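Trainee: Attaching a single structure in structure tokens format; questions to follow.
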Amino acid sequence: RSEGISGVVEMLEELAVPIVHPFFLSRLTQEEWEQSTRGLSPSEFLVHVVLPELDGNIDIYPVAAMKDTGYDETHQIRHRQLAIIEERVERLVARVKKLLALQAKANAEKRIALICYNYPPGEGNLFGGSFLDTFESVSRLLARLQAERYQVEPLSAEELRGRFLQGQLVNSPRWADEQGADRLIRYDKTNYDQRLQAMPQSFIEAMTAQWGASPGTVMAENEQFLIPGIKNGNVFIGLQPTRGIHENPEKVYHDDALLPTHQYAAYYQWLREEFAADVIVHVGTHGTLEFLPGKESGMSGDCFPDSFIGDVPHLYYYYVGNPSEGMIAKRRSHAALISYQSPPFVEAGLYDAFA
């Protein structure tokens with residue numbers, strides 16, 4: 001057995017490709033799965049998600065479910081057979097094509113979105129990340145990318161901090177001058193509105209009830225969405241959108257499943273379609289994308305994390321000491337986790353009478 005495992009590992013190392021894992025829902029109809037908030041039963045979750053994860057699988061998609069084909073009155077048996085979930089198959093195929101494109105495309109042509117956090121929004125919480133010096137980490141990433149011939153100019157941690165803080169490139173700034181919004185990337189709401197109409201009607205009605213008509217009032221101005229970030233060659237460095245809670249605290253009290261703002265949805269649409277990212281990288285623990293409404297696992301296209309990431313490959317730098325929430329990110333936003341350790345702890349010691 002050990003020789004067999006070793007052989008598989010050697011084969012995968014030689015191929016240098018990720019393993020994706022489509023699976024069949026053998027106990028649920030498509031309708032039952034679509035209506036379920038859990039997504040998968042405990043047994044299906046163990047077999048189709050947990051065990052494949054232990055083998056190194058990513059992009060775990062349900063691609064078929066049971067379909068009722070009739071009822072046998074004589075034997076009192078309901079006949080079922082597997083039927084393809086077309087939307088999931090199309091999403092999986094599109095994602096595999098994007099993964100293949102990453103291998104084939106020259107580094108100089110690849111477009112990367114590095115997403116950092118600003119939570120709670122404002123000037124005082126730029127680039128937050130548990131146990132991670134995010135400014136320095138992004139600076140080192142840029143230097144490494146340039147060394148690997150990506151189209152990007154290195155920036156020091158201090159330069160990054162200055163570009164965002166002095167440039168007032170923050171979510172819902174508190175102290176920005178009148179020209180602050182002019183430094184933000186602007187995205188017209190027309191394209192977003194067209195995509196919004198393709199979403200389930202229940203989502204459209206709920207988002208409009210919570211946030212008003214597009215583009216809303218959170219990080220929007222003059223019928224345009226405001227995108228906090230900078231373009232550096234083929235690399236975008238930006239801030240994940242605010243959830244709107246701090247701008248509208250009453251939402252917390254009235255909604256037990258707070259939907260994302262229009263700007264939140266438009267931001268990820270801009271990453272996918274306007275910036276045309278080949279890969280999205282979330283930097284640090286943790287963001288809010290993976291906690292948006294949707295199924296717990298076995299995601300559908302109507303789940304917000306799945307919808308916003310779309311078919312773009314997703315990497316996520318995550319603190320190794322927080323595996324439970326890391327798995328939420330992995331399963332709900334189709335993230336390939338890259339673990340990092342906490343900084344070394346230093347013994348505090350005692351002084352004076354305590355010593």
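How things are named: the first chain in the structure tokens is A, the next is B, and so on; residues count from 1 in each chain; ligands count from 1 in the order shown.
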I'd like the contact shell of A:Val320 - 9 Å cut-off, only C-alpha atoms, skipping same-chain residues fewer than 5 positions apart - returned as a short mmCIF file (atom, residue, chain, number, x, y, z; two decimals) with N, CA, C and O atoms, in the first residue's frame.
Mentor:
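Saved as selection_8.cif:
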data_model
loop_
_atom_site.label_atom_id
_atom_site.label_comp_id
_atom_site.auth_asym_id
_atom_site.auth_seq_id
_atom_site.Cartn_x
_atom_site.Cartn_y
_atom_site.Cartn_z
N GLY A 326 -10.82 27.92 7.69
CA GLY A 326 -10.12 27.68 6.44
C GLY A 326 -10.88 26.71 5.55
O GLY A 326 -10.96 26.88 4.32
N ILE A 338 -3.28 28.18 0.90
CA ILE A 338 -1.83 28.23 1.08
C ILE A 338 -1.60 28.65 2.53
O ILE A 338 -1.88 29.79 2.90
N SER A 339 -1.14 27.72 3.35
CA SER A 339 -1.08 27.95 4.79
C SER A 339 0.15 28.75 5.19
O SER A 339 1.21 28.63 4.58
N TYR A 340 -0.01 29.59 6.20
CA TYR A 340 1.14 30.29 6.79
C TYR A 340 1.10 30.15 8.31
O TYR A 340 0.04 30.03 8.91
N GLN A 341 2.29 30.15 8.90
CA GLN A 341 2.42 30.04 10.35
C GLN A 341 2.24 31.41 10.99
O GLN A 341 2.36 32.45 10.35
N SER A 342 2.00 31.40 12.29
CA SER A 342 1.99 32.65 13.05
C SER A 342 3.43 33.08 13.29
O SER A 342 4.36 32.27 13.22
#
Trainee: List the neighbours of stretch 96-113 of chain A out to 7 Å using only C-alpha atoms; skip same-chain residues closer than 5 positions along the sequence, and give me the result as an mmCIF file with N, CA and C atoms, in the first residue's frame.
Mentor:
data_model
loop_
_atom_site.group_PDB
_atom_site.id
_atom_site.type_symbol
_atom_site.label_atom_id
_atom_site.label_comp_id
_atom_site.auth_asym_id
_atom_site.auth_seq_id
_atom_site.Cartn_x
_atom_site.Cartn_y
_atom_site.Cartn_z
ATOM 1 N N ARG A 149 8.977 37.026 -14.064
ATOM 2 C CA ARG A 149 8.663 37.662 -15.346
ATOM 3 C C ARG A 149 7.191 38.015 -15.513
ATOM 4 N N TYR A 150 6.475 38.205 -14.426
ATOM 5 C CA TYR A 150 5.147 38.787 -14.505
ATOM 6 C C TYR A 150 5.295 40.289 -14.751
ATOM 7 N N GLN A 151 4.305 40.881 -15.393
ATOM 8 C CA GLN A 151 4.328 42.313 -15.674
ATOM 9 C C GLN A 151 3.868 43.085 -14.441
ATOM 10 N N ASN A 234 0.075 44.065 -14.803
ATOM 11 C CA ASN A 234 -0.999 43.085 -14.925
ATOM 12 C C ASN A 234 -1.492 42.592 -13.573
ATOM 13 N N VAL A 235 -1.168 43.299 -12.516
ATOM 14 C CA VAL A 235 -1.582 42.912 -11.165
ATOM 15 C C VAL A 235 -2.478 43.997 -10.580
ATOM 16 N N PHE A 236 -3.630 43.589 -10.091
ATOM 17 C CA PHE A 236 -4.507 44.492 -9.352
ATOM 18 C C PHE A 236 -4.355 44.198 -7.866
ATOM 19 N N ILE A 237 -4.143 45.241 -7.080
ATOM 20 C CA ILE A 237 -4.061 45.119 -5.625
ATOM 21 C C ILE A 237 -5.220 45.924 -5.068
ATOM 22 N N ALA A 277 -9.231 38.844 -14.514
ATOM 23 C CA ALA A 277 -8.224 38.146 -13.720
ATOM 24 C C ALA A 277 -8.107 36.686 -14.144
ATOM 25 N N ASP A 278 -6.871 36.225 -14.286
ATOM 26 C CA ASP A 278 -6.622 34.798 -14.519
ATOM 27 C C ASP A 278 -6.652 34.027 -13.209
ATOM 28 N N VAL A 279 -6.415 34.713 -12.106
ATOM 29 C CA VAL A 279 -6.464 34.084 -10.785
ATOM 30 C C VAL A 279 -6.759 35.175 -9.764
ATOM 31 N N ILE A 280 -7.557 34.827 -8.766
ATOM 32 C CA ILE A 280 -7.864 35.724 -7.654
ATOM 33 C C ILE A 280 -7.172 35.174 -6.414
ATOM 34 N N VAL A 281 -6.449 36.028 -5.698
ATOM 35 C CA VAL A 281 -5.702 35.613 -4.510
ATOM 36 C C VAL A 281 -6.158 36.467 -3.331
ATOM 37 N N VAL A 312 -13.058 31.560 -12.057
ATOM 38 C CA VAL A 312 -11.679 32.025 -11.900
ATOM 39 C C VAL A 312 -10.973 31.193 -10.830
ATOM 40 N N PRO A 313 -9.812 30.632 -11.111
ATOM 41 C CA PRO A 313 -9.051 29.930 -10.069
ATOM 42 C C PRO A 313 -8.825 30.831 -8.861
#
Trainee: Would you mind listing what lies within 8 Å of A:Gly229 as JSON, numbers by chain, with only C-alpha atoms counted and same-chain residues fewer than 5 positions away left out?
Mentor: {"A": [164, 169, 170, 184, 185, 236, 237, 238, 239]}
Trainee: Out of A:Val93, A:Leu226, A:Val50, A:Ile245, which residue has the shortest atom-to-atom distance to A:Met327 when counting only C-alpha atoms?
Mentor: A:Val50
Trainee: Show which residues sit within 8 Å of A:His21, as a list of chain:residue names. Count only C-alpha atoms, and ignore same-chain residues fewer than 3 positions away.
Mentor: A:Pro52, A:Asn57, A:Ile58, A:Asp59, A:Ile60, A:Tyr61
Trainee: Would you output that residue set with all heavy atoms, as a compact mmCIF listing (two decimals), in the first residue's frame?
Mentor:
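Dumped to result-v1.txt:
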# COMPACT_ATOMS: atom_id res chain seq x y z
N PRO A 52 -12.06 13.25 -0.26
CA PRO A 52 -11.30 13.78 -1.40
C PRO A 52 -10.36 14.93 -1.02
O PRO A 52 -9.27 15.05 -1.59
CB PRO A 52 -12.40 14.27 -2.36
CG PRO A 52 -13.58 13.40 -2.03
CD PRO A 52 -13.50 13.20 -0.56
N ASN A 57 -7.68 16.90 -3.34
CA ASN A 57 -8.58 17.40 -4.38
C ASN A 57 -9.00 18.83 -4.10
O ASN A 57 -9.15 19.26 -2.96
CB ASN A 57 -9.83 16.53 -4.46
CG ASN A 57 -9.56 15.16 -5.06
OD1 ASN A 57 -9.68 14.97 -6.26
ND2 ASN A 57 -9.20 14.20 -4.22
N ILE A 58 -9.22 19.60 -5.18
CA ILE A 58 -9.80 20.93 -5.10
C ILE A 58 -11.00 20.97 -6.03
O ILE A 58 -11.28 20.02 -6.76
CB ILE A 58 -8.78 22.03 -5.50
CG1 ILE A 58 -8.35 21.87 -6.96
CG2 ILE A 58 -7.58 22.02 -4.58
CD1 ILE A 58 -7.53 23.04 -7.49
N ASP A 59 -11.74 22.08 -5.99
CA ASP A 59 -12.89 22.29 -6.88
C ASP A 59 -13.83 21.09 -6.87
O ASP A 59 -13.99 20.37 -7.85
CB ASP A 59 -12.41 22.57 -8.31
CG ASP A 59 -11.68 23.89 -8.40
OD1 ASP A 59 -11.82 24.72 -7.48
OD2 ASP A 59 -10.94 24.11 -9.38
N ILE A 60 -14.45 20.89 -5.72
CA ILE A 60 -15.33 19.74 -5.51
C ILE A 60 -16.75 20.15 -5.87
O ILE A 60 -17.40 20.87 -5.12
CB ILE A 60 -15.21 19.25 -4.05
CG1 ILE A 60 -13.76 18.81 -3.79
CG2 ILE A 60 -16.18 18.13 -3.77
CD1 ILE A 60 -13.47 18.42 -2.36
N TYR A 61 -17.23 19.67 -7.02
CA TYR A 61 -18.52 20.09 -7.57
C TYR A 61 -19.48 18.91 -7.69
O TYR A 61 -19.11 17.86 -8.24
CB TYR A 61 -18.34 20.65 -8.98
CG TYR A 61 -17.76 22.03 -9.07
CD1 TYR A 61 -16.39 22.24 -9.02
CD2 TYR A 61 -18.58 23.14 -9.25
CE1 TYR A 61 -15.85 23.51 -9.13
CE2 TYR A 61 -18.06 24.41 -9.37
CZ TYR A 61 -16.70 24.60 -9.30
OH TYR A 61 -16.17 25.85 -9.41
Trainee: Check the smallest atom-to-atom distance from each of A:Gln166, A:Ser307, A:Ser139, A:Gln269 to A:Gln194 using only C-alpha atoms, then report the winner.
Mentor: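 Selected residue with least distance to A:Gln194: A:Gln269.
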Trainee: Which residue, A:Gln35, A:Ala147, A:Arg80, A:Gln240, has the smallest gap to A:Leu126 when you use only C-alpha atoms?
Mentor: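 Comparing A:Gln35, A:Ala147, A:Arg80, A:Gln240 against A:Leu126, the winner is A:Gln240.
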Trainee: Give me the residues near stretch 67-71 of chain A as a PyMOL selection string, where near means some atom within 9 Å (using only C-alpha atoms) and where sequence neighbours in that chain fewer than 5 positions away do not count.
Mentor: chain A and resi 28-31+76-83
Trainee: Could those selected residues go to a file with all heavy atoms, as an mmCIF file, in the first residue's frame?
Mentor:
data_model
loop_
_atom_site.group_PDB
_atom_site.id
_atom_site.type_symbol
_atom_site.label_atom_id
_atom_site.label_comp_id
_atom_site.auth_asym_id
_atom_site.auth_seq_id
_atom_site.Cartn_x
_atom_site.Cartn_y
_atom_site.Cartn_z
ATOM 1 N N LEU A 28 -30.024 12.481 -3.471
ATOM 2 C CA LEU A 28 -30.858 13.670 -3.579
ATOM 3 C C LEU A 28 -31.246 13.913 -5.026
ATOM 4 O O LEU A 28 -30.461 13.656 -5.940
ATOM 5 C CB LEU A 28 -30.119 14.901 -3.048
ATOM 6 C CG LEU A 28 -29.768 14.965 -1.571
ATOM 7 C CD1 LEU A 28 -28.903 16.185 -1.297
ATOM 8 C CD2 LEU A 28 -31.018 15.000 -0.711
ATOM 9 N N THR A 29 -32.466 14.401 -5.220
ATOM 10 C CA THR A 29 -32.820 14.903 -6.538
ATOM 11 C C THR A 29 -32.227 16.292 -6.687
ATOM 12 O O THR A 29 -31.831 16.933 -5.698
ATOM 13 C CB THR A 29 -34.342 14.981 -6.719
ATOM 14 O OG1 THR A 29 -34.874 15.951 -5.807
ATOM 15 C CG2 THR A 29 -34.992 13.633 -6.471
ATOM 16 N N GLN A 30 -32.176 16.798 -7.906
ATOM 17 C CA GLN A 30 -31.652 18.139 -8.123
ATOM 18 C C GLN A 30 -32.497 19.168 -7.383
ATOM 19 O O GLN A 30 -31.959 20.130 -6.806
ATOM 20 C CB GLN A 30 -31.610 18.463 -9.617
ATOM 21 C CG GLN A 30 -31.031 19.843 -9.913
ATOM 22 C CD GLN A 30 -30.798 20.086 -11.392
ATOM 23 O OE1 GLN A 30 -30.679 19.136 -12.170
ATOM 24 N NE2 GLN A 30 -30.739 21.338 -11.798
ATOM 25 N N GLU A 31 -33.812 18.971 -7.372
ATOM 26 C CA GLU A 31 -34.693 19.915 -6.681
ATOM 27 C C GLU A 31 -34.422 19.913 -5.181
ATOM 28 O O GLU A 31 -34.382 20.981 -4.544
ATOM 29 C CB GLU A 31 -36.158 19.565 -6.949
ATOM 30 C CG GLU A 31 -36.613 19.802 -8.386
ATOM 31 C CD GLU A 31 -36.080 18.738 -9.341
ATOM 32 O OE1 GLU A 31 -35.670 17.648 -8.866
ATOM 33 O OE2 GLU A 31 -36.051 19.003 -10.569
ATOM 34 N N GLN A 76 -44.443 -0.935 -5.434
ATOM 35 C CA GLN A 76 -44.373 0.261 -4.608
ATOM 36 C C GLN A 76 -42.913 0.765 -4.496
ATOM 37 O O GLN A 76 -42.385 0.988 -3.416
ATOM 38 C CB GLN A 76 -44.959 0.000 -3.215
ATOM 39 C CG GLN A 76 -46.452 -0.313 -3.254
ATOM 40 C CD GLN A 76 -47.051 -0.448 -1.877
ATOM 41 O OE1 GLN A 76 -46.347 -0.593 -0.872
ATOM 42 N NE2 GLN A 76 -48.380 -0.395 -1.805
ATOM 43 N N ILE A 77 -42.335 0.917 -5.656
ATOM 44 C CA ILE A 77 -40.948 1.382 -5.744
ATOM 45 C C ILE A 77 -40.900 2.630 -6.625
ATOM 46 O O ILE A 77 -41.492 2.655 -7.710
ATOM 47 C CB ILE A 77 -40.028 0.298 -6.351
ATOM 48 C CG1 ILE A 77 -39.980 -0.926 -5.447
ATOM 49 C CG2 ILE A 77 -38.615 0.846 -6.564
ATOM 50 C CD1 ILE A 77 -39.208 -2.089 -6.038
ATOM 51 N N ARG A 78 -40.197 3.648 -6.139
ATOM 52 C CA ARG A 78 -40.000 4.852 -6.941
ATOM 53 C C ARG A 78 -38.717 4.695 -7.754
ATOM 54 O O ARG A 78 -37.656 4.430 -7.196
ATOM 55 C CB ARG A 78 -39.900 6.088 -6.043
ATOM 56 C CG ARG A 78 -39.796 7.400 -6.826
ATOM 57 C CD ARG A 78 -39.824 8.597 -5.890
ATOM 58 N NE ARG A 78 -41.053 8.655 -5.131
ATOM 59 C CZ ARG A 78 -42.210 9.133 -5.598
ATOM 60 N NH1 ARG A 78 -42.265 9.597 -6.852
ATOM 61 N NH2 ARG A 78 -43.279 9.155 -4.855
ATOM 62 N N HIS A 79 -38.832 4.824 -9.050
ATOM 63 C CA HIS A 79 -37.677 4.668 -9.932
ATOM 64 C C HIS A 79 -36.943 5.999 -10.069
ATOM 65 O O HIS A 79 -37.548 7.048 -10.280
ATOM 66 C CB HIS A 79 -38.116 4.172 -11.311
ATOM 67 C CG HIS A 79 -38.677 2.790 -11.297
ATOM 68 N ND1 HIS A 79 -37.909 1.681 -11.034
ATOM 69 C CD2 HIS A 79 -39.949 2.341 -11.489
ATOM 70 C CE1 HIS A 79 -38.663 0.595 -11.086
ATOM 71 N NE2 HIS A 79 -39.906 0.968 -11.351
ATOM 72 N N ARG A 80 -35.625 5.931 -9.948
ATOM 73 C CA ARG A 80 -34.788 7.124 -10.107
ATOM 74 C C ARG A 80 -33.570 6.785 -10.944
ATOM 75 O O ARG A 80 -33.116 5.645 -10.961
ATOM 76 C CB ARG A 80 -34.325 7.669 -8.744
ATOM 77 C CG ARG A 80 -35.407 8.352 -7.934
ATOM 78 C CD ARG A 80 -34.834 8.900 -6.625
ATOM 79 N NE ARG A 80 -35.757 9.802 -5.966
ATOM 80 C CZ ARG A 80 -35.479 10.482 -4.865
ATOM 81 N NH1 ARG A 80 -34.279 10.366 -4.296
ATOM 82 N NH2 ARG A 80 -36.375 11.298 -4.327
ATOM 83 N N GLN A 81 -33.048 7.781 -11.618
ATOM 84 C CA GLN A 81 -31.788 7.621 -12.332
ATOM 85 C C GLN A 81 -31.015 8.932 -12.264
ATOM 86 O O GLN A 81 -31.582 10.001 -12.004
ATOM 87 C CB GLN A 81 -32.021 7.222 -13.784
ATOM 88 C CG GLN A 81 -32.709 8.297 -14.620
ATOM 89 C CD GLN A 81 -32.955 7.828 -16.041
ATOM 90 O OE1 GLN A 81 -33.083 6.639 -16.294
ATOM 91 N NE2 GLN A 81 -33.018 8.778 -16.972
ATOM 92 N N LEU A 82 -29.703 8.831 -12.474
ATOM 93 C CA LEU A 82 -28.867 10.025 -12.412
ATOM 94 C C LEU A 82 -29.116 10.929 -13.618
ATOM 95 O O LEU A 82 -29.285 10.443 -14.743
ATOM 96 C CB LEU A 82 -27.386 9.641 -12.373
ATOM 97 C CG LEU A 82 -26.810 9.242 -11.017
ATOM 98 C CD1 LEU A 82 -25.412 8.673 -11.192
ATOM 99 C CD2 LEU A 82 -26.777 10.438 -10.063
ATOM 100 N N ALA A 83 -29.134 12.227 -13.362
ATOM 101 C CA ALA A 83 -29.285 13.213 -14.435
ATOM 102 C C ALA A 83 -28.269 14.336 -14.216
ATOM 103 O O ALA A 83 -28.005 14.736 -13.073
ATOM 104 C CB ALA A 83 -30.704 13.783 -14.452
#
Trainee: From the options A:Ala348, A:Ile230, A:Leu155, A:Leu15, which residue's atoms come nearest to A:Ala143, counting only C-alpha atoms?
Mentor: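 Of A:Ala348, A:Ile230, A:Leu155, A:Leu15, the one nearest A:Ala143, counting only C-alpha atoms, is A:Leu155.
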